[in-house]
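What follows is the content of input-v6.tsv, which has TSV, C-alpha atoms (C1' of nucleotides):
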chain	number	residue	atom	x	y	z
A	241	MET	CA	202.05	273.79	94.17
A	242	LYS	CA	205.19	275.44	92.90
A	243	LYS	CA	204.99	278.89	91.38
A	244	GLN	CA	205.54	279.35	87.70
A	245	TRP	CA	208.88	280.95	86.92
A	246	ARG	CA	208.67	284.03	84.74
A	247	ASN	CA	211.45	285.78	82.84
A	248	THR	CA	211.43	289.51	83.29
A	249	LYS	CA	213.62	292.48	82.49
A	250	THR	CA	214.50	293.01	86.11
A	251	LYS	CA	215.66	289.44	86.59
A	252	GLU	CA	217.71	289.74	83.42
A	253	MET	CA	219.38	292.89	84.70
A	254	VAL	CA	220.31	291.22	87.95
A	255	MET	CA	221.66	288.18	86.14
A	256	ASP	CA	223.72	290.41	83.86
A	257	VAL	CA	225.39	291.93	86.88
A	258	PHE	CA	226.43	288.50	88.08
A	259	CYS	CA	227.71	287.49	84.67
A	260	CYS	CA	229.94	290.56	84.47
A	261	GLU	CA	231.42	289.90	87.86
A	262	ALA	CA	233.92	287.33	89.03
A	263	GLY	CA	233.20	287.17	92.76
A	264	ALA	CA	230.16	287.00	94.95
A	265	LEU	CA	227.86	289.98	95.42
A	266	CYS	CA	225.63	291.14	98.20
A	267	HIS	CA	222.29	292.90	97.95
A	268	ALA	CA	223.87	296.36	98.26
A	269	ASP	CA	226.31	295.61	95.43
A	270	ILE	CA	223.47	294.81	93.07
A	271	VAL	CA	221.41	297.80	94.08
A	272	GLN	CA	224.39	300.06	93.57
A	273	ARG	CA	225.16	298.70	90.11
A	274	LEU	CA	221.52	299.04	89.09
A	275	ALA	CA	220.92	302.28	90.91
A	276	GLY	CA	217.58	303.83	90.02
A	277	LYS	CA	216.56	300.91	87.85
A	278	ILE	CA	215.21	298.41	90.35
A	279	ASP	CA	213.67	298.77	93.75
A	280	ARG	CA	215.72	297.37	96.60
A	281	VAL	CA	212.93	295.08	97.76
A	282	THR	CA	212.68	293.59	94.30
A	283	VAL	CA	216.38	292.84	94.40
A	284	TYR	CA	215.90	290.92	97.64
A	285	ARG	CA	213.13	288.91	96.08
A	286	ILE	CA	214.98	288.20	92.89
A	287	LEU	CA	218.04	287.01	94.76
A	288	GLN	CA	215.91	284.72	96.86
A	289	GLY	CA	214.19	283.52	93.70
A	290	PHE	CA	217.43	282.71	91.93
A	291	PHE	CA	218.58	280.91	95.02
A	292	ASP	CA	215.40	278.83	95.11
A	293	GLU	CA	215.89	278.00	91.44
A	294	GLY	CA	219.40	276.80	92.22
A	295	VAL	CA	221.05	279.38	89.99
A	296	LEU	CA	222.83	281.23	92.77
A	297	HIS	CA	224.20	279.95	95.99
A	298	LYS	CA	224.00	281.82	99.23
A	299	ILE	CA	226.88	282.82	101.47
A	300	SER	CA	226.38	284.21	104.97
A	301	ALA	CA	229.35	286.41	105.70
A	302	GLU	CA	230.65	287.30	109.12
A	303	ASN	CA	229.65	290.93	108.63
A	304	GLY	CA	226.01	289.91	108.75
A	305	ARG	CA	225.44	290.39	105.06
A	306	THR	CA	224.35	287.69	102.69
A	307	TYR	CA	226.33	287.24	99.49
A	308	TYR	CA	225.29	285.39	96.39
A	309	ALA	CA	227.39	283.79	93.68
A	310	LEU	CA	226.67	282.04	90.41
A	311	CYS	CA	226.71	278.29	90.72
A	312	ARG	CA	229.37	277.02	88.38
A	313	ASP	CA	230.24	273.49	89.38
A	314	CYS	CA	226.75	272.44	90.23
A	315	SER	CA	225.68	269.41	88.29
A	316	ALA	CA	222.11	269.30	87.10
A	317	GLY	CA	219.76	269.48	90.00
A	318	GLN	CA	222.47	268.82	92.53
A	319	HIS	CA	223.46	271.92	94.41
A	320	ALA	CA	227.11	271.51	95.27
A	321	ASP	CA	227.97	274.38	97.54
A	322	ASN	CA	230.49	272.58	99.65
A	323	HIS	CA	233.47	274.74	98.81
A	324	ALA	CA	234.99	277.44	100.95
A	325	HIS	CA	234.27	281.16	100.69
A	326	PHE	CA	236.88	283.81	101.15
A	327	TYR	CA	236.52	287.39	102.28
A	328	CYS	CA	239.44	289.63	101.40
A	329	MET	CA	239.93	292.32	104.02
A	330	GLY	CA	241.88	294.33	101.49
A	331	CYS	CA	239.53	294.67	98.54
A	332	LYS	CA	236.48	293.76	100.63
A	333	THR	CA	235.20	291.20	98.20
A	334	VAL	CA	233.87	287.71	98.67
A	335	SER	CA	234.94	284.93	96.37
A	336	CYS	CA	234.50	281.20	96.02
A	337	LEU	CA	237.44	278.92	96.51
A	338	GLU	CA	236.34	275.94	94.48
A	339	GLU	CA	239.62	274.21	95.27
A	340	VAL	CA	239.00	274.22	98.98
A	341	ALA	CA	236.22	271.74	99.44
A	342	GLN	CA	235.76	269.32	102.21
A	343	LEU	CA	232.91	267.49	103.77
A	344	PRO	CA	233.10	267.49	107.53
A	345	GLN	CA	233.77	264.31	109.43
A	346	LEU	CA	231.22	264.53	112.21
A	347	PRO	CA	231.08	262.36	115.30
A	348	GLN	CA	228.67	259.45	115.21
A	349	GLY	CA	224.99	260.22	115.34
A	350	TYR	CA	225.03	263.63	113.71
A	351	SER	CA	223.32	264.22	110.40
A	352	VAL	CA	224.48	267.08	108.21
A	353	SER	CA	222.14	269.25	106.22
A	354	GLU	CA	224.42	272.14	105.33
A	355	ALA	CA	228.02	273.08	105.92
A	356	SER	CA	229.72	276.35	105.30
A	357	TRP	CA	233.36	277.20	105.44
A	358	PHE	CA	234.11	280.89	105.68
A	359	ILE	CA	237.61	282.28	105.68
A	360	SER	CA	238.83	285.84	105.88
A	361	GLY	CA	242.25	287.28	105.21
A	362	TYR	CA	244.08	288.79	102.27
A	363	CYS	CA	243.95	287.62	98.70
A	364	PRO	CA	247.17	287.35	96.65
A	365	ASN	CA	246.60	290.77	95.09
A	366	CYS	CA	246.03	292.69	98.29
A	367	ARG	CA	248.66	290.83	100.23
A	368	ALA	CA	251.37	291.87	97.80
A	369	VAL	CA	250.68	295.58	98.31
B	148	MET	CA	245.94	302.43	126.44
B	149	LYS	CA	243.90	299.41	127.40
B	150	LYS	CA	240.95	299.85	129.69
B	151	GLN	CA	241.08	298.48	133.18
B	152	TRP	CA	238.94	295.37	133.63
B	153	ARG	CA	236.46	295.57	136.50
B	154	ASN	CA	234.53	292.73	138.14
B	155	THR	CA	230.87	293.52	138.58
B	156	LYS	CA	227.65	291.77	139.57
B	157	THR	CA	226.27	291.95	136.07
B	158	LYS	CA	229.31	290.32	134.55
B	159	GLU	CA	229.13	287.63	137.17
B	160	MET	CA	225.51	286.94	136.31
B	161	VAL	CA	226.30	286.59	132.64
B	162	MET	CA	229.22	284.30	133.36
B	163	ASP	CA	227.02	282.15	135.61
B	164	VAL	CA	224.63	281.64	132.73
B	165	PHE	CA	227.45	280.33	130.57
B	166	CYS	CA	228.73	278.07	133.30
B	167	CYS	CA	225.31	276.47	133.73
B	168	GLU	CA	224.98	275.83	130.03
B	169	ALA	CA	226.65	273.28	127.78
B	170	GLY	CA	226.28	274.91	124.37
B	171	ALA	CA	226.76	278.32	122.88
B	172	LEU	CA	224.37	281.15	123.62
B	173	CYS	CA	223.28	284.21	121.72
B	174	HIS	CA	222.42	287.62	123.07
B	175	ALA	CA	218.71	286.84	123.24
B	176	ASP	CA	219.35	283.67	125.23
B	177	ILE	CA	221.20	285.59	127.91
B	178	VAL	CA	218.64	288.36	128.07
B	179	GLN	CA	215.88	285.80	128.44
B	180	ARG	CA	217.62	283.94	131.23
B	181	LEU	CA	218.33	287.17	133.09
B	182	ALA	CA	215.03	288.82	132.23
B	183	GLY	CA	214.50	292.01	134.17
B	184	LYS	CA	217.91	291.88	135.78
B	185	ILE	CA	220.17	293.36	133.13
B	186	ASP	CA	219.56	295.77	130.29
B	187	ARG	CA	219.94	294.33	126.80
B	188	VAL	CA	222.57	296.86	125.83
B	189	THR	CA	224.65	295.91	128.83
B	190	VAL	CA	224.50	292.29	127.74
B	191	TYR	CA	225.85	293.24	124.32
B	192	ARG	CA	228.71	295.12	125.93
B	193	ILE	CA	229.54	292.39	128.41
B	194	LEU	CA	229.61	289.75	125.70
B	195	GLN	CA	231.92	291.92	123.62
B	196	GLY	CA	234.04	292.50	126.71
B	197	PHE	CA	234.40	288.82	127.50
B	198	PHE	CA	235.28	288.21	123.89
B	199	ASP	CA	237.98	290.87	124.01
B	200	GLU	CA	239.33	289.30	127.18
B	201	GLY	CA	239.50	285.95	125.41
B	202	VAL	CA	237.07	284.28	127.79
B	203	LEU	CA	234.38	283.65	125.20
B	204	HIS	CA	234.71	282.94	121.54
B	205	LYS	CA	232.37	284.31	118.95
B	206	ILE	CA	230.34	282.35	116.43
B	207	SER	CA	228.51	283.92	113.51
B	208	ALA	CA	225.59	281.70	112.71
B	209	GLU	CA	223.81	281.45	109.38
B	210	ASN	CA	220.70	282.97	110.88
B	211	GLY	CA	222.52	286.25	111.28
B	212	ARG	CA	222.84	285.99	115.02
B	213	THR	CA	226.08	285.93	116.93
B	214	TYR	CA	226.62	283.17	119.44
B	215	TYR	CA	229.18	283.02	122.21
B	216	ALA	CA	230.71	280.02	123.95
B	217	LEU	CA	233.13	279.54	126.80
B	218	CYS	CA	236.65	278.91	125.62
B	219	ARG	CA	237.69	275.56	126.95
B	220	ASP	CA	240.64	274.32	124.98
B	221	CYS	CA	242.31	277.68	124.65
B	222	SER	CA	245.79	277.62	126.05
B	223	ALA	CA	246.91	280.72	127.92
B	224	GLY	CA	246.78	283.75	125.70
B	225	GLN	CA	246.31	281.74	122.55
B	226	HIS	CA	242.78	281.85	121.26
B	227	ALA	CA	242.17	278.54	119.57
B	228	ASP	CA	238.82	278.80	117.87
B	229	ASN	CA	239.55	276.60	114.93
B	230	HIS	CA	236.94	273.95	115.63
B	231	ALA	CA	233.60	273.57	113.91
B	232	HIS	CA	230.27	274.81	115.20
B	233	PHE	CA	227.06	272.92	114.85
B	234	TYR	CA	223.50	274.19	114.69
B	235	CYS	CA	220.86	271.60	115.47
B	236	MET	CA	217.69	272.28	113.52
B	237	GLY	CA	215.78	270.16	116.02
B	238	CYS	CA	216.58	271.72	119.37
B	239	LYS	CA	217.75	274.97	117.79
B	240	THR	CA	220.96	275.11	119.76
B	241	VAL	CA	224.51	275.87	118.76
B	242	SER	CA	227.34	273.76	120.07
B	243	CYS	CA	231.07	273.43	119.61
B	244	LEU	CA	232.48	270.34	117.96
B	245	GLU	CA	235.95	270.35	119.44
B	246	GLU	CA	236.70	267.12	117.59
B	247	VAL	CA	236.14	268.68	114.20
B	248	ALA	CA	239.06	271.03	113.76
B	249	GLN	CA	240.95	271.76	110.64
B	250	LEU	CA	243.04	274.54	109.26
B	251	PRO	CA	242.19	275.39	105.69
B	252	GLN	CA	244.61	274.57	102.92
B	253	LEU	CA	244.44	277.71	100.79
B	254	PRO	CA	245.92	278.17	97.34
B	255	GLN	CA	249.27	279.92	97.15
B	256	GLY	CA	249.33	283.61	97.89
B	257	TYR	CA	246.43	283.80	100.31
B	258	SER	CA	246.93	284.75	103.92
B	259	VAL	CA	244.38	283.65	106.50
B	260	SER	CA	243.27	285.79	109.36
B	261	GLU	CA	240.18	283.90	110.49
B	262	ALA	CA	238.35	280.79	109.49
B	263	SER	CA	234.97	279.55	110.58
B	264	TRP	CA	233.36	276.24	109.93
B	265	PHE	CA	229.63	276.17	110.43
B	266	ILE	CA	227.50	273.08	110.06
B	267	SER	CA	223.79	272.61	110.46
B	268	GLY	CA	221.75	269.46	110.72
B	269	TYR	CA	220.42	267.25	113.50
B	270	CYS	CA	222.25	266.26	116.64
B	271	PRO	CA	222.15	262.64	117.87
B	272	ASN	CA	219.31	263.42	120.28
B	273	CYS	CA	217.00	265.10	117.82
B	274	ARG	CA	217.78	262.73	115.02
B	275	ALA	CA	216.61	259.77	117.03
B	276	VAL	CA	213.13	261.21	117.53
C	125	DT	C1'	237.45	305.14	156.21
C	126	DT	C1'	236.74	308.76	153.00
C	127	DT	C1'	237.79	310.71	148.65
C	128	DT	C1'	238.88	310.47	143.88
C	129	DT	C1'	239.08	308.43	139.47
C	130	DT	C1'	237.03	306.19	135.76
C	131	DA	C1'	234.86	301.77	134.13
C	132	DT	C1'	230.24	300.33	133.91
C	133	DT	C1'	225.25	300.49	133.64
C	134	DG	C1'	220.53	301.79	131.99
C	135	DC	C1'	217.78	304.43	129.02
C	136	DA	C1'	216.55	306.46	124.68
C	137	DA	C1'	217.45	307.00	120.09
C	138	DC	C1'	219.53	305.53	115.93
C	139	DG	C1'	221.52	302.47	111.96
C	140	DC	C1'	221.58	298.71	109.03
C	141	DT	C1'	219.90	294.47	106.81
C	142	DA	C1'	215.98	292.19	105.54
C	143	DT	C1'	210.79	291.15	105.35
C	144	DT	C1'	205.68	291.84	104.73
C	145	DG	C1'	201.26	293.80	102.86
C	146	DC	C1'	199.09	295.64	99.12
C	147	DA	C1'	197.79	297.90	94.84
C	148	DA	C1'	199.53	298.42	90.19
C	149	DT	C1'	201.98	296.25	86.40
C	150	DA	C1'	203.87	292.98	83.14
C	151	DC	C1'	204.48	287.89	81.54
C	152	DC	C1'	202.93	284.17	79.15
C	153	DG	C1'	199.72	280.62	77.71
C	154	DA	C1'	195.34	280.07	75.38
D	72	DT	C1'	194.23	289.89	71.91
D	73	DC	C1'	192.72	288.50	76.47
D	74	DG	C1'	192.87	286.81	81.19
D	75	DG	C1'	195.02	284.70	85.12
D	76	DT	C1'	198.82	285.16	87.95
D	77	DA	C1'	203.67	286.07	88.89
D	78	DT	C1'	206.15	290.18	89.60
D	79	DT	C1'	207.19	294.90	90.82
D	80	DG	C1'	207.38	299.29	93.57
D	81	DC	C1'	206.19	301.73	97.58
D	82	DA	C1'	205.44	302.26	102.43
D	83	DA	C1'	205.65	300.32	106.69
D	84	DT	C1'	207.56	296.98	109.89
D	85	DA	C1'	210.73	293.64	112.14
D	86	DG	C1'	215.19	291.98	114.04
D	87	DC	C1'	219.77	292.54	115.58
D	88	DG	C1'	223.11	295.46	117.01
D	89	DT	C1'	225.36	300.19	118.13
D	90	DT	C1'	226.01	304.99	119.97
D	91	DG	C1'	225.51	309.01	123.17
D	92	DC	C1'	224.88	310.46	127.61
D	93	DA	C1'	223.89	311.06	132.45
D	94	DA	C1'	223.84	308.30	136.67
D	95	DT	C1'	226.08	304.64	139.24
D	96	DA	C1'	229.54	301.77	141.34
D	97	DA	C1'	234.24	299.46	141.52
D	98	DA	C1'	238.93	300.01	142.59
D	99	DA	C1'	242.78	302.98	143.70
D	100	DA	C1'	244.55	306.89	146.33
D	101	DA	C1'	244.54	309.75	150.27

So that I can check it, write out the structure of this file as structure tokens.
Amino acid sequence: MKKQWRNTKTKEMVMDVFCCEAGALCHADIVQRLAGKIDRVTVYRILQGFFDEGVLHKISAENGRTYYALCRDCSAGQHADNHAHFYCMGCKTVSCLEEVAQLPQLPQGYSVSEASWFISGYCPNCRAV
Amino acid sequence: MKKQWRNTKTKEMVMDVFCCEAGALCHADIVQRLAGKIDRVTVYRILQGFFDEGVLHKISAENGRTYYALCRDCSAGQHADNHAHFYCMGCKTVSCLEEVAQLPQLPQGYSVSEASWFISGYCPNCRAV
DNA sequence: TTTTTTATTGCAACGCTATTGCAATACCGA
DNA sequence: TCGGTATTGCAATAGCGTTGCAATAAAAAA
């Protein structure tokens, strides 16, 4: 049986952080922005919860950290996380590249459950400097 | 100044493991196969060393672990690691899909330093079961 | 071959990200 | 308002990887 979802102040705070931010955020980002207000373990659980609800999507970065970003183009129920994610080595941020989306063409016999496309480099801003 | 590369028994053992294996291996895989013969820290350093030499390429899996695989299609000096990597949820192995290779088409202004394409699902063997 | 130089190894301790158990607290429906 | 239960905070633990250092061994020099 699925757990009942409950709205709480802590969840609201975390969601606010995401709404004020353009890119993707990792656990440490959230904790830092809400320093002293929420326990770090709670942040882990809330992020996982939002992910389970389909509100955030999850991005495993090369640095071992997990980033989360608001789902924008996800149609009701369907979780469309098939776009690329970009890590800028200049400003050290992770962002979604909605434009870069591609489903892989696998050899015969394979079945795909998830695909992630992770790119690192410099974003237009940092490259110019 | 670059360090001098030295051939040792331990490195040979690690390389043998890769040569006997089709897919990619993570640190724990190597340690397990060489249980009691090499220290775990040494394995980390040897893997990093082989990577620096361009003999192995590195794969960051979604599970947070780092896998390594022999470079096969890499022409001299050039490290061509632009193919996709596949994690089979059945046999829990990581393999290289040399056939699935694609350079990302990024929006104007971005510069790419690295790109990784990670797919999980079921391989032909495990799917059939 | 013997000596010298220095890369490499093993061991112990540490760092970072994330998870689990549990008692106390706060939501939400009745 | 009340009661069941999801949620929170705290402490402890787990997993993967790194660092420091003394001892060892490979390759170059004598």

Tell me, counting all atoms listed in the file, for each residue of chain A within 8 Å of chain D, which pair of atoms is nearest and how far apart they are in Å to one decimal, in rows ordered by chain and increasing number, as CSV.
residue,atom,partner,partner_atom,distance
A:Lys243,CA,D:DA77,C1',7.7
A:Gln244,CA,D:DA77,C1',7.1
A:Trp245,CA,D:DA77,C1',7.6
A:Arg246,CA,D:DA77,C1',6.8
A:Asp279,CA,D:DG80,C1',6.3
A:Thr282,CA,D:DT79,C1',6.6

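Note that C1' of DT133 in chain C and CA of Ile193 in chain B are 10.6 Å apart.
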
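You will find CA of Ala368 in chain A at 15.3 Å from CA of Lys332 in chain A.
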
Shortest interatomic distance to chain B - which of A:Gln272, A:Ser356, A:Thr306, A:Asn247, counting all atoms listed in the file =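 Checking each of A:Gln272, A:Ser356, A:Thr306, A:Asn247 against chain B, counting all atoms listed in the file, the winner is A:Ser356.
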
Restrict the calculation to all atoms listed in the file, then for each residue of chain A with any atom at most 12 Å from an atom of chain C give the closest atom pair and their distance in Å to one decimal, rows by chain and rising residue number, as a tab-separated table.
residue	atom	partner	partner_atom	distance
A:Gln244	CA	C:DC152	C1'	10.2
A:Trp245	CA	C:DC151	C1'	9.8
A:Arg246	CA	C:DC151	C1'	6.5
A:Asn247	CA	C:DC151	C1'	7.4
A:Thr248	CA	C:DC151	C1'	7.3
A:Lys249	CA	C:DA150	C1'	9.8
A:Thr250	CA	C:DA150	C1'	11.0
A:Cys266	CA	C:DT141	C1'	10.9
A:His267	CA	C:DT141	C1'	9.3
A:Ala268	CA	C:DT141	C1'	9.6
A:Arg280	CA	C:DA142	C1'	10.3
A:Val281	CA	C:DT143	C1'	8.8
A:Thr282	CA	C:DT143	C1'	11.5
A:Val283	CA	C:DA142	C1'	11.2
A:Tyr284	CA	C:DA142	C1'	8.0
A:Arg285	CA	C:DT143	C1'	9.8
A:Gln288	CA	C:DA142	C1'	11.5
A:Asn303	CA	C:DT141	C1'	10.5
A:Gly304	CA	C:DT141	C1'	7.9
A:Arg305	CA	C:DT141	C1'	7.1
A:Thr306	CA	C:DT141	C1'	9.1

Could you save the residues just selected, with C-alpha atoms, as a PDB file, keeping the file's coordinate frame?
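Resulting contents of selection-v6.pdb:
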ATOM      1  CA  GLN A 244     205.540 279.350  87.700  1.00  0.00           C
ATOM      2  CA  TRP A 245     208.880 280.950  86.920  1.00  0.00           C
ATOM      3  CA  ARG A 246     208.670 284.030  84.740  1.00  0.00           C
ATOM      4  CA  ASN A 247     211.450 285.780  82.840  1.00  0.00           C
ATOM      5  CA  THR A 248     211.430 289.510  83.290  1.00  0.00           C
ATOM      6  CA  LYS A 249     213.620 292.480  82.490  1.00  0.00           C
ATOM      7  CA  THR A 250     214.500 293.010  86.110  1.00  0.00           C
ATOM      8  CA  CYS A 266     225.630 291.140  98.200  1.00  0.00           C
ATOM      9  CA  HIS A 267     222.290 292.900  97.950  1.00  0.00           C
ATOM     10  CA  ALA A 268     223.870 296.360  98.260  1.00  0.00           C
ATOM     11  CA  ARG A 280     215.720 297.370  96.600  1.00  0.00           C
ATOM     12  CA  VAL A 281     212.930 295.080  97.760  1.00  0.00           C
ATOM     13  CA  THR A 282     212.680 293.590  94.300  1.00  0.00           C
ATOM     14  CA  VAL A 283     216.380 292.840  94.400  1.00  0.00           C
ATOM     15  CA  TYR A 284     215.900 290.920  97.640  1.00  0.00           C
ATOM     16  CA  ARG A 285     213.130 288.910  96.080  1.00  0.00           C
ATOM     17  CA  GLN A 288     215.910 284.720  96.860  1.00  0.00           C
ATOM     18  CA  ASN A 303     229.650 290.930 108.630  1.00  0.00           C
ATOM     19  CA  GLY A 304     226.010 289.910 108.750  1.00  0.00           C
ATOM     20  CA  ARG A 305     225.440 290.390 105.060  1.00  0.00           C
ATOM     21  CA  THR A 306     224.350 287.690 102.690  1.00  0.00           C
TER      22      THR A 306
END

Kindly provide, as lines of an AutoDock Vina configuration file, the centre and edge lengths (Å, one decimal) of an axis-aligned box around all atoms of range 79-88 of chain D given in the file, with 6 Å on each side.
center_x = 214.3
center_y = 297.1
center_z = 103.9
size_x = 29.7
size_y = 22.3
size_z = 38.2

Distance of CA of Ala231 in chain B from CA of Cys166 in chain B, expressed in Å to one decimal place = 20.5 Å

Could I get the residues of chain A with an atom no further than 7 Å from an atom of chain B, each paired with its nearest atom pair and that distance in Å to one decimal, using all atoms listed in the file, sorted by chain and residue number, as a Markdown table?
| residue | atom | partner | partner_atom | distance |
| --- | --- | --- | --- | --- |
| A:Ser300 | CA | B:Glu209 | CA | 5.8 |
| A:Glu302 | CA | B:Ser207 | CA | 5.9 |
| A:Gly304 | CA | B:Gly211 | CA | 5.7 |
| A:Val340 | CA | B:Leu253 | CA | 6.7 |
| A:Gln345 | CA | B:Val247 | CA | 6.9 |
| A:Leu346 | CA | B:Val247 | CA | 6.7 |
| A:Gly349 | CA | B:Pro271 | CA | 4.5 |
| A:Tyr350 | CA | B:Cys270 | CA | 4.8 |
| A:Ser351 | CA | B:Tyr269 | CA | 5.2 |
| A:Val352 | CA | B:Gly268 | CA | 4.4 |
| A:Ser353 | CA | B:Gly268 | CA | 4.5 |
| A:Glu354 | CA | B:Ser267 | CA | 5.2 |
| A:Ala355 | CA | B:Ile266 | CA | 4.2 |
| A:Ser356 | CA | B:Phe265 | CA | 5.1 |
| A:Trp357 | CA | B:Trp264 | CA | 4.6 |
| A:Phe358 | CA | B:Ser263 | CA | 5.2 |
| A:Ile359 | CA | B:Ala262 | CA | 4.2 |
| A:Ser360 | CA | B:Glu261 | CA | 5.2 |
| A:Gly361 | CA | B:Val259 | CA | 4.4 |
| A:Tyr362 | CA | B:Ser258 | CA | 5.2 |
| A:Cys363 | CA | B:Tyr257 | CA | 4.8 |
| A:Pro364 | CA | B:Gly256 | CA | 4.5 |

Would you mind putting N, CA and C atoms back on range 197-218 of chain B and writing the result as a PDB file, keeping the file's coordinate frame?
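Result written to out_11.pdb:
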ATOM      1  N   PHE B 197     233.871 290.158 127.248  1.00  0.00           N
ATOM      2  CA  PHE B 197     234.400 288.820 127.500  1.00  0.00           C
ATOM      3  C   PHE B 197     235.141 288.307 126.275  1.00  0.00           C
ATOM      4  N   PHE B 198     234.604 288.631 125.122  1.00  0.00           N
ATOM      5  CA  PHE B 198     235.280 288.210 123.890  1.00  0.00           C
ATOM      6  C   PHE B 198     236.654 288.865 123.796  1.00  0.00           C
ATOM      7  N   ASP B 199     236.707 290.158 124.069  1.00  0.00           N
ATOM      8  CA  ASP B 199     237.980 290.870 124.010  1.00  0.00           C
ATOM      9  C   ASP B 199     238.987 290.314 125.011  1.00  0.00           C
ATOM     10  N   GLU B 200     238.471 289.877 126.147  1.00  0.00           N
ATOM     11  CA  GLU B 200     239.330 289.300 127.180  1.00  0.00           C
ATOM     12  C   GLU B 200     239.797 287.896 126.799  1.00  0.00           C
ATOM     13  N   GLY B 201     239.123 287.301 125.805  1.00  0.00           N
ATOM     14  CA  GLY B 201     239.500 285.950 125.410  1.00  0.00           C
ATOM     15  C   GLY B 201     238.828 284.872 126.228  1.00  0.00           C
ATOM     16  N   VAL B 202     237.759 285.249 126.944  1.00  0.00           N
ATOM     17  CA  VAL B 202     237.070 284.280 127.790  1.00  0.00           C
ATOM     18  C   VAL B 202     235.992 283.541 126.999  1.00  0.00           C
ATOM     19  N   LEU B 203     235.396 284.257 126.063  1.00  0.00           N
ATOM     20  CA  LEU B 203     234.380 283.650 125.200  1.00  0.00           C
ATOM     21  C   LEU B 203     234.892 283.692 123.767  1.00  0.00           C
ATOM     22  N   HIS B 204     234.466 282.745 122.955  1.00  0.00           N
ATOM     23  CA  HIS B 204     234.710 282.940 121.540  1.00  0.00           C
ATOM     24  C   HIS B 204     233.398 283.195 120.819  1.00  0.00           C
ATOM     25  N   LYS B 205     233.516 283.785 119.665  1.00  0.00           N
ATOM     26  CA  LYS B 205     232.370 284.310 118.950  1.00  0.00           C
ATOM     27  C   LYS B 205     232.054 283.425 117.761  1.00  0.00           C
ATOM     28  N   ILE B 206     230.770 283.194 117.534  1.00  0.00           N
ATOM     29  CA  ILE B 206     230.340 282.350 116.430  1.00  0.00           C
ATOM     30  C   ILE B 206     229.267 283.063 115.618  1.00  0.00           C
ATOM     31  N   SER B 207     229.524 283.293 114.359  1.00  0.00           N
ATOM     32  CA  SER B 207     228.510 283.920 113.510  1.00  0.00           C
ATOM     33  C   SER B 207     227.678 282.845 112.855  1.00  0.00           C
ATOM     34  N   ALA B 208     226.440 282.744 113.272  1.00  0.00           N
ATOM     35  CA  ALA B 208     225.590 281.700 112.710  1.00  0.00           C
ATOM     36  C   ALA B 208     224.955 282.155 111.408  1.00  0.00           C
ATOM     37  N   GLU B 209     224.433 281.179 110.680  1.00  0.00           N
ATOM     38  CA  GLU B 209     223.810 281.450 109.380  1.00  0.00           C
ATOM     39  C   GLU B 209     222.576 282.309 109.527  1.00  0.00           C
ATOM     40  N   ASN B 210     221.930 282.225 110.678  1.00  0.00           N
ATOM     41  CA  ASN B 210     220.700 282.970 110.880  1.00  0.00           C
ATOM     42  C   ASN B 210     220.950 284.446 111.167  1.00  0.00           C
ATOM     43  N   GLY B 211     222.206 284.855 111.084  1.00  0.00           N
ATOM     44  CA  GLY B 211     222.520 286.250 111.280  1.00  0.00           C
ATOM     45  C   GLY B 211     222.830 286.612 112.730  1.00  0.00           C
ATOM     46  N   ARG B 212     222.564 285.693 113.626  1.00  0.00           N
ATOM     47  CA  ARG B 212     222.840 285.990 115.020  1.00  0.00           C
ATOM     48  C   ARG B 212     224.275 285.631 115.380  1.00  0.00           C
ATOM     49  N   THR B 213     224.747 286.236 116.448  1.00  0.00           N
ATOM     50  CA  THR B 213     226.080 285.930 116.930  1.00  0.00           C
ATOM     51  C   THR B 213     225.974 285.119 118.213  1.00  0.00           C
ATOM     52  N   TYR B 214     226.631 283.996 118.244  1.00  0.00           N
ATOM     53  CA  TYR B 214     226.620 283.170 119.440  1.00  0.00           C
ATOM     54  C   TYR B 214     227.961 283.279 120.140  1.00  0.00           C
ATOM     55  N   TYR B 215     227.951 283.001 121.431  1.00  0.00           N
ATOM     56  CA  TYR B 215     229.180 283.020 122.210  1.00  0.00           C
ATOM     57  C   TYR B 215     229.286 281.725 122.995  1.00  0.00           C
ATOM     58  N   ALA B 216     230.505 281.237 123.158  1.00  0.00           N
ATOM     59  CA  ALA B 216     230.710 280.020 123.950  1.00  0.00           C
ATOM     60  C   ALA B 216     231.974 280.167 124.781  1.00  0.00           C
ATOM     61  N   LEU B 217     231.957 279.548 125.936  1.00  0.00           N
ATOM     62  CA  LEU B 217     233.130 279.540 126.800  1.00  0.00           C
ATOM     63  C   LEU B 217     234.310 278.910 126.068  1.00  0.00           C
ATOM     64  N   CYS B 218     235.452 279.510 126.189  1.00  0.00           N
ATOM     65  CA  CYS B 218     236.650 278.910 125.620  1.00  0.00           C
ATOM     66  C   CYS B 218     237.128 277.836 126.570  1.00  0.00           C
TER      67      CYS B 218
END
